[in-house]
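Pasted below: input02.pdb, PDB, C-alpha atoms.
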ATOM      1  CA  MET V   1      97.909  93.599 132.520
ATOM      2  CA  ILE V   2      95.976  95.173 129.628
ATOM      3  CA  LYS V   3      92.609  94.146 131.033
ATOM      4  CA  LYS V   4      93.186  96.268 134.108
ATOM      5  CA  PHE V   5      93.665  99.393 132.000
ATOM      6  CA  PHE V   6      91.105  98.600 129.313
ATOM      7  CA  LEU V   7      88.025  97.725 131.376
ATOM      8  CA  PRO V   8      87.491 101.168 132.994
ATOM      9  CA  ALA V   9      87.565 102.683 129.483
ATOM     10  CA  VAL V  10      84.677 100.498 128.239
ATOM     11  CA  VAL V  11      81.893 102.612 129.780
ATOM     12  CA  PRO V  12      82.986 105.968 128.309
ATOM     13  CA  LEU V  13      83.986 104.323 125.022
ATOM     14  CA  ALA V  14      80.563 102.688 124.602
ATOM     15  CA  PHE V  15      78.849 105.965 125.522
ATOM     16  CA  LEU V  16      80.962 108.001 123.074
ATOM     17  CA  LEU V  17      80.502 105.532 120.191
ATOM     18  CA  ASP V  18      76.750 105.606 120.758
ATOM     19  CA  ARG V  19      76.679 109.423 120.896
ATOM     20  CA  ALA V  20      78.850 109.773 117.779
ATOM     21  CA  SER V  21      76.639 107.404 115.791
ATOM     22  CA  LYS V  22      73.482 109.250 116.865
ATOM     23  CA  ILE V  23      74.993 112.650 116.040
ATOM     24  CA  LEU V  24      75.724 111.381 112.519
ATOM     25  CA  VAL V  25      72.185 110.051 112.195
ATOM     26  CA  LEU V  26      70.713 113.352 113.412
ATOM     27  CA  LYS V  27      72.760 115.239 110.793
ATOM     28  CA  GLN V  28      72.018 112.859 107.915
ATOM     29  CA  LEU V  29      68.453 111.588 108.388
ATOM     30  CA  SER V  30      65.178 113.217 109.289
ATOM     31  CA  THR V  31      62.653 111.365 111.433
ATOM     32  CA  GLY V  32      61.247 108.403 109.504
ATOM     33  CA  GLN V  33      63.774 108.723 106.679
ATOM     34  CA  THR V  34      65.450 105.499 105.584
ATOM     35  CA  GLN V  35      68.670 104.945 103.654
ATOM     36  CA  PRO V  36      69.259 101.449 102.243
ATOM     37  CA  VAL V  37      72.730 100.059 102.921
ATOM     38  CA  ILE V  38      71.868  96.553 101.671
ATOM     39  CA  PRO V  39      68.419  97.023 100.087
ATOM     40  CA  GLY V  40      65.755  94.895 101.735
ATOM     41  CA  VAL V  41      68.206  93.591 104.359
ATOM     42  CA  PHE V  42      69.823  96.478 106.228
ATOM     43  CA  HIS V  43      68.808 100.122 106.214
ATOM     44  CA  LEU V  44      69.601 103.164 108.300
ATOM     45  CA  THR V  45      66.175 104.381 109.414
ATOM     46  CA  ARG V  46      65.766 107.182 111.925
ATOM     47  CA  VAL V  47      63.123 106.419 114.529
ATOM     48  CA  ASN V  48      62.451 108.512 117.639
ATOM     49  CA  ASN V  49      61.480 105.898 120.231
ATOM     50  CA  PRO V  50      59.584 107.400 123.210
ATOM     51  CA  GLY V  51      59.462 103.996 124.923
ATOM     52  CA  ALA V  52      61.790 101.218 126.004
ATOM     53  CA  ALA V  53      62.838  98.136 124.043
ATOM     54  CA  PHE V  54      60.449  97.313 121.195
ATOM     55  CA  GLY V  55      58.466 100.471 122.013
ATOM     56  CA  ILE V  56      57.033  99.153 125.293
ATOM     57  CA  LEU V  57      56.116 101.751 127.945
ATOM     58  CA  LYS V  58      55.617 104.285 125.166
ATOM     59  CA  ASN V  59      55.613 107.892 126.427
ATOM     60  CA  SER V  60      56.581 106.863 129.991
ATOM     61  CA  ILE V  61      59.445 109.331 129.786
ATOM     62  CA  LEU V  62      59.797 110.199 133.484
ATOM     63  CA  PHE V  63      59.571 106.551 134.561
ATOM     64  CA  LEU V  64      62.152 105.458 131.968
ATOM     65  CA  GLN V  65      64.475 108.319 132.948
ATOM     66  CA  CYS V  66      64.261 107.323 136.624
ATOM     67  CA  VAL V  67      64.898 103.645 135.890
ATOM     68  CA  SER V  68      67.811 104.600 133.639
ATOM     69  CA  TRP V  69      69.362 106.935 136.228
ATOM     70  CA  ILE V  70      69.052 104.315 138.975
ATOM     71  CA  SER V  71      70.520 101.598 136.719
ATOM     72  CA  VAL V  72      73.463 103.681 135.537
ATOM     73  CA  ILE V  73      74.319 104.888 139.052
ATOM     74  CA  ALA V  74      73.903 101.499 140.769
ATOM     75  CA  LEU V  75      75.829  99.575 138.115
ATOM     76  CA  GLY V  76      78.450 102.312 137.956
ATOM     77  CA  ILE V  77      79.038 101.986 141.709
ATOM     78  CA  TYR V  78      79.228  98.197 141.372
ATOM     79  CA  LEU V  79      81.819  98.526 138.597
ATOM     80  CA  PHE V  80      83.866 101.146 140.446
ATOM     81  CA  ARG V  81      84.047  98.915 143.497
ATOM     82  CA  GLY V  82      84.943  96.018 141.210
ATOM     83  CA  PHE V  83      87.846  97.956 139.724
ATOM     84  CA  ARG V  84      89.191  98.378 143.246
ATOM     85  CA  ARG V  85      88.758  94.734 144.366
ATOM     86  CA  GLY V  86      89.865  92.991 141.189
ATOM     87  CA  TYR V  87      88.088  91.824 138.066
ATOM     88  CA  ARG V  88      85.389  89.266 137.515
ATOM     89  CA  SER V  89      84.653  87.555 134.241
ATOM     90  CA  THR V  90      81.308  89.365 133.947
ATOM     91  CA  ASP V  91      82.661  92.917 134.454
ATOM     92  CA  LEU V  92      83.026  93.597 130.715
ATOM     93  CA  GLY V  93      79.340  92.777 130.296
ATOM     94  CA  TRP V  94      78.366  95.116 133.146
ATOM     95  CA  ALA V  95      80.546  97.879 131.671
ATOM     96  CA  LEU V  96      78.856  97.525 128.259
ATOM     97  CA  ILE V  97      75.440  97.685 129.920
ATOM     98  CA  VAL V  98      76.347 100.855 131.842
ATOM     99  CA  GLY V  99      77.775 102.522 128.720
ATOM    100  CA  GLY V 100      74.719 101.586 126.644
ATOM    101  CA  ALA V 101      72.252 102.615 129.345
ATOM    102  CA  ALA V 102      74.066 105.951 129.714
ATOM    103  CA  GLY V 103      73.811 106.529 125.953
ATOM    104  CA  ASN V 104      70.067 105.936 125.912
ATOM    105  CA  LEU V 105      69.648 107.958 129.123
ATOM    106  CA  TYR V 106      71.348 110.911 127.431
ATOM    107  CA  ASP V 107      68.750 110.754 124.656
ATOM    108  CA  ARG V 108      65.835 110.491 127.085
ATOM    109  CA  VAL V 109      67.024 113.500 129.085
ATOM    110  CA  HIS V 110      67.916 115.712 126.103
ATOM    111  CA  PHE V 111      65.240 114.737 123.575
ATOM    112  CA  GLY V 112      62.493 112.911 125.486
ATOM    113  CA  TYR V 113      63.016 109.843 123.289
ATOM    114  CA  VAL V 114      65.791 107.478 122.178
ATOM    115  CA  ILE V 115      67.220 107.786 118.675
ATOM    116  CA  ASP V 116      67.162 104.399 116.904
ATOM    117  CA  PHE V 117      68.540 103.820 113.414
ATOM    118  CA  LEU V 118      69.829 100.260 112.804
ATOM    119  CA  ASP V 119      67.108  98.615 110.738
ATOM    120  CA  PHE V 120      67.462  94.977 109.701
ATOM    121  CA  ARG V 121      63.850  94.875 108.448
ATOM    122  CA  VAL V 122      62.985  91.730 110.464
ATOM    123  CA  TRP V 123      63.574  93.256 113.892
ATOM    124  CA  PRO V 124      62.543  96.540 115.506
ATOM    125  CA  VAL V 125      64.902  99.437 114.759
ATOM    126  CA  PHE V 126      67.607  99.820 117.448
ATOM    127  CA  ASN V 127      70.886 101.665 118.129
ATOM    128  CA  LEU V 128      74.457 100.995 119.277
ATOM    129  CA  ALA V 129      73.533 101.495 122.948
ATOM    130  CA  ASP V 130      70.942  98.727 122.623
ATOM    131  CA  SER V 131      73.605  96.523 121.022
ATOM    132  CA  PHE V 132      76.052  97.184 123.868
ATOM    133  CA  ILE V 133      73.357  96.307 126.406
ATOM    134  CA  SER V 134      72.470  93.076 124.571
ATOM    135  CA  VAL V 135      76.103  91.995 124.222
ATOM    136  CA  GLY V 136      76.648  92.858 127.889
ATOM    137  CA  VAL V 137      73.741  90.659 128.977
ATOM    138  CA  PHE V 138      75.078  87.817 126.806
ATOM    139  CA  LEU V 139      78.575  88.127 128.339
ATOM    140  CA  ILE V 140      77.163  88.114 131.875
ATOM    141  CA  LEU V 141      75.041  85.036 131.187
ATOM    142  CA  ALA V 142      77.970  83.276 129.503
ATOM    143  CA  GLY V 143      80.186  84.124 132.475
ATOM    144  CA  LEU V 144      77.607  82.828 134.926
ATOM    145  CA  PHE V 145      77.142  79.575 133.013
ATOM    146  CA  GLN V 146      80.908  79.173 132.742
ATOM    147  CA  SER V 147      81.388  79.645 136.498
ATOM    148  CA  LYS V 148      78.601  77.137 137.240
ATOM    149  CA  LYS V 149      80.295  74.617 134.926
ATOM    150  CA  GLN V 150      83.604  75.070 136.721
ATOM    151  CA  ALA V 151      81.905  74.648 140.103
ATOM    152  CA  VAL V 152      80.516  71.234 139.120
TER     153      VAL V 152
END

Mind converting the file's structure to structure tokens?
Amino acid sequence: MIKKFFLPAVVPLAFLLDRASKILVLKQLSTGQTQPVIPGVFHLTRVNNPGAAFGILKNSILFLQCVSWISVIALGIYLFRGFRRGYRSTDLGWALIVGGAAGNLYDRVHFGYVIDFLDFRVWPVFNLADSFISVGVFLILAGLFQSKKQAV
């Protein structure tokens, strides 16, 4: 079963894709620099975010590091136990969240801020880790709604 072999790879894959994208951004853009990809619609803009989503809890570095560590460890344990007991429909979502949280945690520990660069001009600048977390939350919610539908 491909799912059995693929799911444990999601966490490191998400983490590595996030790291690779941020390494490229660090090499190509200085802080605040923007590079239009589709002018006025999508730009690559390097932002050093010292807070959480949308800049909330700005400069609460130690608090955000602690929350990130606890989240990555707790969810990692949940996933590891899940790999041993069998899969649930929401496990892909949890794996994406752990991989994304680990990517942003790496930034917080090594830089004191998270590197954001995806700029759609109508939304705060974000990164791949944020995208993995958002998709993970969506998959978990979809799985929960699906299981409630089947229970009825």

Given the PyMOL selection byres ((chain V and resi 94-103) around 6) and the file above, list the residues it selects as a VMD selection string. chain V and resid 10 to 11 14 to 15 72 91 to 93 104 to 106 129 132 to 133 136

Measuring atom to atom with all atoms listed in the file, identify which of V:Leu26, V:Tyr113, V:Pro12, V:Ala20 is nearest to Asn59 (chain V).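 Distance minimum relative to Asn59 (chain V) lands on V:Tyr113.
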
What gap, in Å, lies between CA of Asn127 (chain V) and CA of Ile70 (chain V)?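 Between CA of Asn127 (chain V) and CA of Ile70 (chain V) the gap is 21.1 Å.
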
Length of the CA of Ile73 (chain V) to CA of Phe111 (chain V) vector [Å]: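 Here the two named atoms are 20.5 Å from each other.
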
Take the PyMOL selection byres ((chain V and resi 41-53) around 7), run it mentally on this structure, and tell me the resulting residues as a VMD selection string. chain V and resid 29 to 40 54 to 61 112 to 121

Put those residues in a file: C-alpha atoms, as a short mmCIF file (atom, residue, chain, number, x, y, z; two decimals), in the coordinates of the input.
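Produced file out_6.cif, reproduced below:
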data_model
loop_
_atom_site.label_atom_id
_atom_site.label_comp_id
_atom_site.auth_asym_id
_atom_site.auth_seq_id
_atom_site.Cartn_x
_atom_site.Cartn_y
_atom_site.Cartn_z
CA LEU V 29 68.45 111.59 108.39
CA SER V 30 65.18 113.22 109.29
CA THR V 31 62.65 111.36 111.43
CA GLY V 32 61.25 108.40 109.50
CA GLN V 33 63.77 108.72 106.68
CA THR V 34 65.45 105.50 105.58
CA GLN V 35 68.67 104.94 103.65
CA PRO V 36 69.26 101.45 102.24
CA VAL V 37 72.73 100.06 102.92
CA ILE V 38 71.87 96.55 101.67
CA PRO V 39 68.42 97.02 100.09
CA GLY V 40 65.76 94.90 101.74
CA PHE V 54 60.45 97.31 121.20
CA GLY V 55 58.47 100.47 122.01
CA ILE V 56 57.03 99.15 125.29
CA LEU V 57 56.12 101.75 127.94
CA LYS V 58 55.62 104.28 125.17
CA ASN V 59 55.61 107.89 126.43
CA SER V 60 56.58 106.86 129.99
CA ILE V 61 59.44 109.33 129.79
CA GLY V 112 62.49 112.91 125.49
CA TYR V 113 63.02 109.84 123.29
CA VAL V 114 65.79 107.48 122.18
CA ILE V 115 67.22 107.79 118.68
CA ASP V 116 67.16 104.40 116.90
CA PHE V 117 68.54 103.82 113.41
CA LEU V 118 69.83 100.26 112.80
CA ASP V 119 67.11 98.62 110.74
CA PHE V 120 67.46 94.98 109.70
CA ARG V 121 63.85 94.88 108.45
#

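Between CA of Leu139 (chain V) and CA of Thr90 (chain V) the interatomic distance comes to 6.4 Å.
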
Counting only C-alpha atoms, which residue out of V:Leu17, V:Leu141, V:Leu7, V:Val125 sits closest to Leu79 (chain V)? V:Leu7

Between V:Ser71, V:Lys27, V:Phe80, V:Gln65, single out the one closest to His110 (chain V), counting all atoms listed in the file. V:Gln65
